[in-house]
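Take a look at the structure below.
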Number of protein chains: 2
Amino acid sequence: MSSPTVRINDIGQFLGKTVTIQGWLYNKRSSGKLQFLQVRDGSNIIQCVVFKGDVSEELFTAADKLTQESSLEVTGVVKEDTRSPLGFEIGVTDIHIIHIPSQEYPISPKEHGVAFLLDHRHLWLRSKRQNAILKIRSTLIKAIRDYFDEQGFICLDAPIFTPNACEGTTNLFETDYFGDKAYLSQSGQLYMEAGAMAFGKCYCFGPTFRAEKSKTRRHLTEFWMIEPEVAFMDLAQDMELAQDFLVYVIKRLLATRTEELEILERDLTILQNTAQGSFHRLTYDQAVQKLHALGSDIKWGDDFGADDETILTQEFDRPIIVHRFPKAFKAFYMKEDPDNNQLSMSMDILAPEGYGEIIGGGERETSLDVLEQKIKEHDLPREEFDWYMDLRKFGSVPHAGFGLGLERLVTWVCGLHHLRETIPFPRMMERLKP
Amino acid sequence: MSSPTVRINDIGQFLGKTVTIQGWLYNKRSSGKLQFLQVRDGSNIIQCVVFKGDVSEELFTAADKLTQESSLEVTGVVKEDTRSPLGFEIGVTDIHIIHIPSQEYPISPKEHGVAFLLDHRHLWLRSKRQNAILKIRSTLIKAIRDYFDEQGFICLDAPIFTPNACEGTTNLFETDYFGDKAYLSQSGQLYMEAGAMAFGKCYCFGPTFRAEKSKTRRHLTEFWMIEPEVAFMDLAQDMELAQDFLVYVIKRLLATRTEELEILERDLTILQNTAQGSFHRLTYDQAVQKLHALGSDIKWGDDFGADDETILTQEFDRPIIVHRFPKAFKAFYMKEDPDNNQLSMSMDILAPEGYGEIIGGGERETSLDVLEQKIKEHDLPREEFDWYMDLRKFGSVPHAGFGLGLERLVTWVCGLHHLRETIPFPRMMERLKP
């Protein structure tokens, strides 16, 4: 074929021209002399119209036999089609059939149970809705990285194999490491603190692991976290950074993925509010008071439960930042509040609409003595933290950072119920395949 | 302080102005009434000149007591300094000392053994040379992602926990997965093949794991791989894509990291050649002939050893692409050469200067029957590949891709001897800390 091979998303540049697209039959309907083939190529879906008068008898008959997910090359003329979201259709002149499934494609347009769909995740990815979610994920990944790269951060990959546990040894996956034990990382933060002292600003963005025996909609055993860390930064600046970062990412999403958000029927109001910044801020104390007013029976000193986060965030029209949590339930490395030693210089960002925590962070303890005490209190193996303590022995500086759970962000921006659709191949307590 | 706080890399915008920088003392020397403080902030190093006549007696004395890696804020006037690589220095007016190490910093400018340095990796990162290598790594990561993102690829993270082994079960790290066994991924490729059928073009870029009992300079147990996969692509297009990609990445490196390449004393000739494209291409047959002419005793049918790659690549002034390897030592999913069923539609890209393989890839087998046979021959557990076979049952299309080992790329472009310096916290057979 001498016509150019193009991707469907680029087809607008070829109006009136003859092009070839390569893809799969997503759906079809016919009416007498016309067949309407919905063809997808991964970039988008386009309607290809086969008119009996335009093609050979053989081709028209062959096209009629195409089944869902047949692979093919379609050649034809690009025409305007104002009724379709894409704005174009193809008037077919030729079809080259590559492969017709010998059995029926398992995922039909009818409803399927979630377990069935997850068993067929390798095929489910082809569905319009799953395709849209993972394109949004890809766009968010790029926006996240672009934000930090543009701000002069160094991407510093944290190790996955670790000899120790950042926040205790429960819920860790363990592996034999040439006769020793290694644990899969739950967080790159301690390593990022070393990085911040070497590069000023750095981040890691990789998979992290939790062996939680939990089957809730908010848990995956394998999930991706972005963890920036900055030297000479305090809690106030950390909150500013996190807000600025989220605003940037949401703006990018709204600028580039409107079509996919529409496929997901996402109400954009809250996302548009978020893109304006000015996140609401509450101290933990204020948040607890607010929760009491909303009917929660949370006790001062308790961490928020999922229900608390739900009722609290439903009160606001954009994310909220809650800061200065009691130190008792925060990690050992959190700096104590100099104004109240029961509090920590910590902060969480809770997504609105009941979604809850997407970011957790704060200022890190710089005092060697306080850290020694905390490691004891948390019953952590002191010798595994020798290297970490070196960061306070040699040129200790104030520093802060945060962690964002990618799948929680995708779940919220897509308006989904469960995290499992936001990662290409989800891993959960009872799900290791495909 | 009312002067702006700036990063050293941005200081050229403040010539003649008073600024504050925040960082650590990297080195110093003094001569009577002058002290020359080399201060690093992670973005760069700048000379800060303390003149006795410009500051108080106390400050001059305090500055004299600063030791390596003391943390501090320096305020002063930005001046031109044509002798330094940065082009600027600071005439100090004030210093705010944050922390002076109570013991001597372990990594002095004198020589240290590699084991000692690796034990202190969390501090070693601060050294000029390590800092330069990891900045180059960060730049390459961004260039790699930008290339694929700009070409319309979707970033599709492959799972780390896998129930099966892409290329056999040897050298796998195993973990208990709620009573089942899970293996840490060696490659995301099979998953990317599912992704290519859903998105047309996709890539994964994440950590991969090999439990090789090998202590050579070319092995890490944990390393990062980028794996693009494209539907409707053949071997010839795959080689074009890989070359175009490498050219893009090397161009970006040369455009943005000259200072770091200079710190590493890297000869740029070969990198500049590489940026021009036109990689040399040899079939495996031609490469074996060439190796024989160069004195190797390799037998036809053998994979290249490290020595073979070394002597072969030293013959060329840029990377070479070797294609159509014997199928016997390639993975089960490699497509057979339709012109010679002893060969596979595979290709490797070997870095010049003796570095050897950095990319491996090729066209994938599309025939269900051939794949069934191969899975048997390779003695792989057939039931674990049910989902993979679905990709050939439902809309099978020609497709191809490749994998690039990030640390091998960084090693080559930096001109290093060992992979261990190219990843922030290297993991090797006998190295799990810090």
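Ligands are numbered from 1 in the order shown, residues from 1 within each chain, and chains are lettered A, B, ... in the order they appear in the structure tokens.
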
Quick one: DSSP strand (DSSP E or B) residues in range 44-278 of chain B, as a PyMOL selection string? chain B and resi 45-51+71-80+88-99+154-155+161-162+166+168+174-177+180-184+201-209+222-231

Would you mind listing, as a list in words, all residues of chain A that have at least one atom within 6 Å of chain B, where only C-alpha atoms are what counts? Asp41, Gly42, Glu69, Ser70, Ser71, His99, Pro101, His122, Leu125, Arg126, Ser138, Ile154, Cys155, Pro159, Glu174, Thr175, Ala194, Ala198, Phe199, Gly200, Lys393, Phe394, Gly395, Ser396 and Phe425 of chain A

Excluding Arg364 in chain A and residues on its chain fewer than 3 positions from it, collect all residues at most 6 Å away from it, counting only C-alpha atoms, and give them as a PyMOL selection string. chain A and resi 333-335+399-400

Provide the CA of Thr256 in chain B to CA of Ser84 in chain B distance in Å, to one decimal place.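 These two atoms are separated by 18.4 Å.
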
Contacts of Gln286 in chain A at 12 Å or less, counting only C-alpha atoms, minus same-chain residues fewer than 3 places along, as number ranges by chain? A: 280-283, 289-293, 300, 312, 321-325

CA of Ala351 in chain A sits from CA of Ile263 in chain A at a separation of 21.6 Å

Identify, with DSSP run on backbone atoms, the residues in range 80-239 of chain B assigned to helix (DSSP H, G or I), and express the list as a PyMOL selection string. chain B and resi 114-119+121-124+128-150+189-199+235-239

Could you dump the residues just selected with C-alpha atoms as a short mmCIF file (atom, residue, chain, number, x, y, z; two decimals), in the first residue's frame?
data_model
loop_
_atom_site.label_atom_id
_atom_site.label_comp_id
_atom_site.auth_asym_id
_atom_site.auth_seq_id
_atom_site.Cartn_x
_atom_site.Cartn_y
_atom_site.Cartn_z
CA VAL B 114 35.85 0.45 47.16
CA ALA B 115 34.42 -1.73 49.95
CA PHE B 116 34.84 1.16 52.40
CA LEU B 117 33.20 3.58 50.00
CA LEU B 118 30.30 1.21 49.33
CA ASP B 119 29.81 0.78 53.08
CA ARG B 121 27.40 4.89 50.06
CA HIS B 122 24.96 7.21 51.89
CA LEU B 123 27.83 9.68 52.27
CA TRP B 124 29.83 8.77 49.18
CA LYS B 128 31.88 15.20 43.16
CA ARG B 129 32.39 12.14 40.99
CA GLN B 130 29.48 10.10 42.37
CA ASN B 131 27.30 13.16 42.22
CA ALA B 132 28.16 13.60 38.55
CA ILE B 133 27.42 9.95 37.68
CA LEU B 134 24.02 10.00 39.34
CA LYS B 135 23.09 13.31 37.74
CA ILE B 136 23.88 11.74 34.39
CA ARG B 137 21.72 8.77 35.36
CA SER B 138 18.85 11.11 36.25
CA THR B 139 19.20 12.95 32.93
CA LEU B 140 19.23 9.68 30.99
CA ILE B 141 16.08 8.51 32.81
CA LYS B 142 14.30 11.69 31.80
CA ALA B 143 15.52 11.50 28.21
CA ILE B 144 14.46 7.86 27.94
CA ARG B 145 10.95 8.61 29.19
CA ASP B 146 10.63 11.78 27.13
CA TYR B 147 11.54 9.89 23.97
CA PHE B 148 8.81 7.31 24.36
CA ASP B 149 6.23 9.75 25.74
CA GLU B 150 6.79 12.08 22.78
CA GLN B 189 8.22 -8.02 28.39
CA LEU B 190 5.40 -10.56 28.33
CA TYR B 191 3.18 -8.00 30.03
CA MET B 192 4.24 -5.36 27.54
CA GLU B 193 3.13 -7.67 24.74
CA ALA B 194 -0.36 -7.61 26.28
CA GLY B 195 0.01 -3.84 26.53
CA ALA B 196 1.01 -3.43 22.89
CA MET B 197 -2.23 -5.16 21.85
CA ALA B 198 -4.18 -2.74 24.04
CA PHE B 199 -2.31 0.53 23.44
CA LEU B 235 12.63 -6.55 13.21
CA ALA B 236 13.84 -3.91 10.74
CA GLN B 237 11.61 -1.26 12.32
CA ASP B 238 12.66 -2.43 15.78
CA MET B 239 16.32 -1.81 14.94
#
